[in-house]
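*Asks:* So here's run.cif, just mmCIF, C-alpha atoms and all ligand atoms:
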data_target
loop_
_atom_site.label_atom_id
_atom_site.label_comp_id
_atom_site.auth_asym_id
_atom_site.auth_seq_id
_atom_site.Cartn_x
_atom_site.Cartn_y
_atom_site.Cartn_z
CA MET A 1 29.75 63.86 -21.18
CA GLU A 2 28.07 66.59 -23.17
CA PHE A 3 24.92 65.78 -25.14
CA LYS A 4 26.52 66.34 -28.57
CA GLU A 5 29.55 64.19 -27.65
CA LEU A 6 27.21 61.42 -26.52
CA GLN A 7 25.24 61.68 -29.78
CA GLU A 8 28.44 61.56 -31.86
CA LYS A 9 29.59 58.41 -30.06
CA ILE A 10 26.21 56.76 -30.55
CA VAL A 11 26.11 57.66 -34.26
CA ALA A 12 29.69 56.36 -34.68
CA ASN A 13 28.62 53.14 -32.98
CA ALA A 14 25.64 52.80 -35.38
CA ILE A 15 27.89 53.38 -38.39
CA SER A 16 30.33 50.78 -37.08
CA TYR A 17 27.41 48.35 -36.63
CA GLY A 18 26.38 48.99 -40.23
CA LYS A 19 29.87 48.27 -41.54
CA ARG A 20 30.27 45.16 -39.38
CA TYR A 21 26.96 43.64 -40.55
CA ASN A 22 26.84 45.22 -44.02
CA VAL A 23 23.66 47.13 -43.21
CA GLU A 24 23.04 50.56 -44.66
CA ILE A 25 22.34 52.95 -41.79
CA ASP A 26 19.88 55.19 -43.57
CA GLU A 27 16.66 56.92 -42.54
CA ASP A 28 14.53 53.80 -43.18
CA PHE A 29 16.80 51.57 -41.11
CA ALA A 30 16.91 54.13 -38.30
CA LEU A 31 13.12 54.44 -38.11
CA LEU A 32 12.51 50.69 -38.19
CA LYS A 33 15.26 50.07 -35.65
CA LEU A 34 13.73 52.71 -33.36
CA TYR A 35 10.43 50.79 -33.49
CA GLU A 36 12.28 47.55 -32.77
CA GLU A 37 13.91 49.12 -29.75
CA VAL A 38 10.59 50.53 -28.49
CA TRP A 39 9.18 47.01 -28.75
CA GLU A 40 12.15 45.61 -26.79
CA TYR A 41 11.66 48.29 -24.14
CA THR A 42 7.95 47.42 -23.99
CA GLN A 43 8.81 43.77 -23.46
CA ALA A 44 11.30 44.72 -20.73
CA VAL A 45 8.62 46.79 -18.95
CA LEU A 46 6.14 43.91 -19.16
CA ILE A 47 8.72 41.56 -17.65
CA HIS A 48 9.76 44.07 -15.00
CA ARG A 49 6.10 44.66 -14.04
CA ARG A 50 5.52 40.89 -14.02
CA LYS A 51 2.84 41.15 -16.68
CA SER A 52 4.43 38.56 -18.91
CA ARG A 53 4.63 34.79 -18.86
CA PRO A 54 6.18 33.72 -15.54
CA GLU A 55 9.05 31.92 -17.26
CA LYS A 56 10.26 35.33 -18.44
CA PHE A 57 10.42 36.83 -14.95
CA LEU A 58 13.82 38.11 -13.80
CA SER A 59 15.09 39.30 -10.46
CA GLU A 60 14.24 42.92 -9.60
CA GLU A 61 17.87 43.93 -10.17
CA LYS A 62 18.22 42.12 -13.51
CA SER A 63 14.88 43.33 -14.89
CA LYS A 64 15.74 46.93 -13.93
CA GLU A 65 19.08 46.49 -15.69
CA GLU A 66 17.27 45.25 -18.83
CA LEU A 67 14.85 48.22 -18.67
CA ALA A 68 17.80 50.63 -18.58
CA LYS A 69 19.53 48.92 -21.50
CA GLU A 70 16.43 48.93 -23.69
CA LEU A 71 15.55 52.53 -22.85
CA ALA A 72 19.13 53.48 -23.75
CA ASP A 73 18.61 51.71 -27.08
CA VAL A 74 15.42 53.75 -27.70
CA VAL A 75 17.13 57.04 -26.90
CA GLY A 76 20.20 56.02 -28.90
CA MET A 77 18.16 55.21 -31.98
CA ALA A 78 16.25 58.48 -31.56
CA MET A 79 19.65 60.21 -31.65
CA VAL A 80 20.63 58.31 -34.80
CA ASN A 81 17.32 59.38 -36.40
CA ALA A 82 18.04 63.00 -35.46
CA HIS A 83 21.51 62.77 -37.00
CA LEU A 84 20.21 61.34 -40.28
CA PHE A 85 17.46 63.95 -40.57
CA TRP A 86 19.85 66.79 -39.61
CA ILE A 87 17.84 67.59 -36.49
CA ASP A 88 19.59 69.43 -33.66
CA LEU A 89 18.06 67.52 -30.75
CA GLU A 90 19.29 69.92 -28.08
CA GLU A 91 17.56 72.77 -29.89
CA ALA A 92 14.46 70.63 -30.47
CA PHE A 93 14.27 69.73 -26.74
CA THR A 94 14.54 73.36 -25.81
CA LYS A 95 11.83 74.43 -28.25
CA LYS A 96 9.45 71.54 -27.56
CA TRP A 97 9.91 70.90 -23.83
CA PHE A 98 11.01 74.20 -22.32
CA ASN A 99 9.46 76.99 -24.39
CA ASN A 100 5.75 76.64 -23.69
CA LYS A 101 4.69 80.05 -24.93
MG MG B 201 17.54 46.65 -27.60
#
With the file now loaded, output its structure as structure tokens.
*Replies:*
Amino acid sequence: MEFKELQEKIVANAISYGKRYNVEIDEDFALLKLYEEVWEYTQAVLIHRRKSRPEKFLSEEKSKEELAKELADVVGMAMVNAHLFWIDLEEAFTKKWFNNK
């Protein structure tokens, strides 16, 4: 799947979420939700690295699965933010990560 196609599917999913739960998917929501997802990823890392309360520990396989899900949420919400702020993420990646002149 191409990057733009992936982004379009993620944005469509966010819009569908907004309609289902009557939540306006605007720039404020997207930023706050990104922070929420970063927090969830942080918690997943703490659990995966066994630096949380022992009752939260999961098997290696399950905690890795949770890490992947939460990181996907972070990247997905970053894509929603880019869409709402009219940012071409592919272009931004190229400029920021690959053009170090
Ligand atoms: Mg999440």
*Asks:* Find the residues of chain A that sit at most 9 Å from ligand MG 201 (chain B); for each, write down the nearest two atoms and how far apart they are in Å, to one decimal. Count all atoms listed in the file. Sort by chain, then by number going up, and give it as a Markdown table.
*Replies:*
| residue | atom | partner | partner_atom | distance |
| --- | --- | --- | --- | --- |
| A:Glu36 | CA | B:MG201 | MG | 7.4 |
| A:Glu37 | CA | B:MG201 | MG | 4.9 |
| A:Val38 | CA | B:MG201 | MG | 8.0 |
| A:Trp39 | CA | B:MG201 | MG | 8.4 |
| A:Glu40 | CA | B:MG201 | MG | 5.5 |
| A:Tyr41 | CA | B:MG201 | MG | 7.0 |
| A:Glu66 | CA | B:MG201 | MG | 8.9 |
| A:Lys69 | CA | B:MG201 | MG | 6.8 |
| A:Glu70 | CA | B:MG201 | MG | 4.7 |
| A:Leu71 | CA | B:MG201 | MG | 7.8 |
| A:Ala72 | CA | B:MG201 | MG | 8.0 |
| A:Asp73 | CA | B:MG201 | MG | 5.2 |
| A:Val74 | CA | B:MG201 | MG | 7.4 |
*Asks:* With all atoms listed in the file as the basis for distance, which of A:Gln43, A:Gln7, A:Ser16, A:Asn81 is at the shortest distance from Leu67 in chain A?
*Replies:*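 With all atoms listed in the file as the atom set, the closest residue is A:Gln43.
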*Asks:* Find the residue from A:Ala12, A:Lys4, A:Arg49, A:Asp88 that sits nearest to Lys64 in chain A; use all atoms listed in the file when measuring.
*Replies:*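 The closest residue to Lys64 in chain A is A:Arg49.
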*Asks:* Can you work out the spacing between CA of Phe3 in chain A and CA of Val23 in chain A in Å, to one decimal?
*Replies:* 26.0 Å
*Asks:* Measuring between only C-alpha atoms, which one of A:His48, A:Asn22, A:Glu90, A:Lys62 shows the shortest distance to Glu2 in chain A?
*Replies:*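 Once distances to Glu2 in chain A are computed over only C-alpha atoms, the minimum belongs to A:Glu90.
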*Asks:* Give me the residues near Leu31 in chain A as a PyMOL selection string, where near means some atom within 12 Å (using only C-alpha atoms) and where sequence neighbours in that chain fewer than 6 positions away do not count.
*Replies:* chain A and resi 25+37-38+74+76-85
*Asks:* Let me have the centre and edge lengths of the axis-aligned box enclosing all listed atoms of range 74-86 of chain A with 6 Å padding on every side, in Å to one decimal, as JSON.
*Replies:*
{"center_x": 18.5, "center_y": 60.3, "center_z": -33.7, "size_x": 18.1, "size_y": 25.0, "size_z": 25.7}
*Asks:* So the first atom is CA of Glu5 in chain A and the second is CA of Leu89 in chain A; what is the distance between them in Å, to one decimal place?
*Replies:*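 Straight-line distance from CA of Glu5 in chain A to CA of Leu89 in chain A works out to 12.4 Å.
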*Asks:* Between CA of Tyr21 in chain A and CA of Ile87 in chain A, what is the spacing in Å?
*Replies:*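 Atom-to-atom, CA of Ile87 in chain A to CA of Tyr21 in chain A, that is 25.9 Å.
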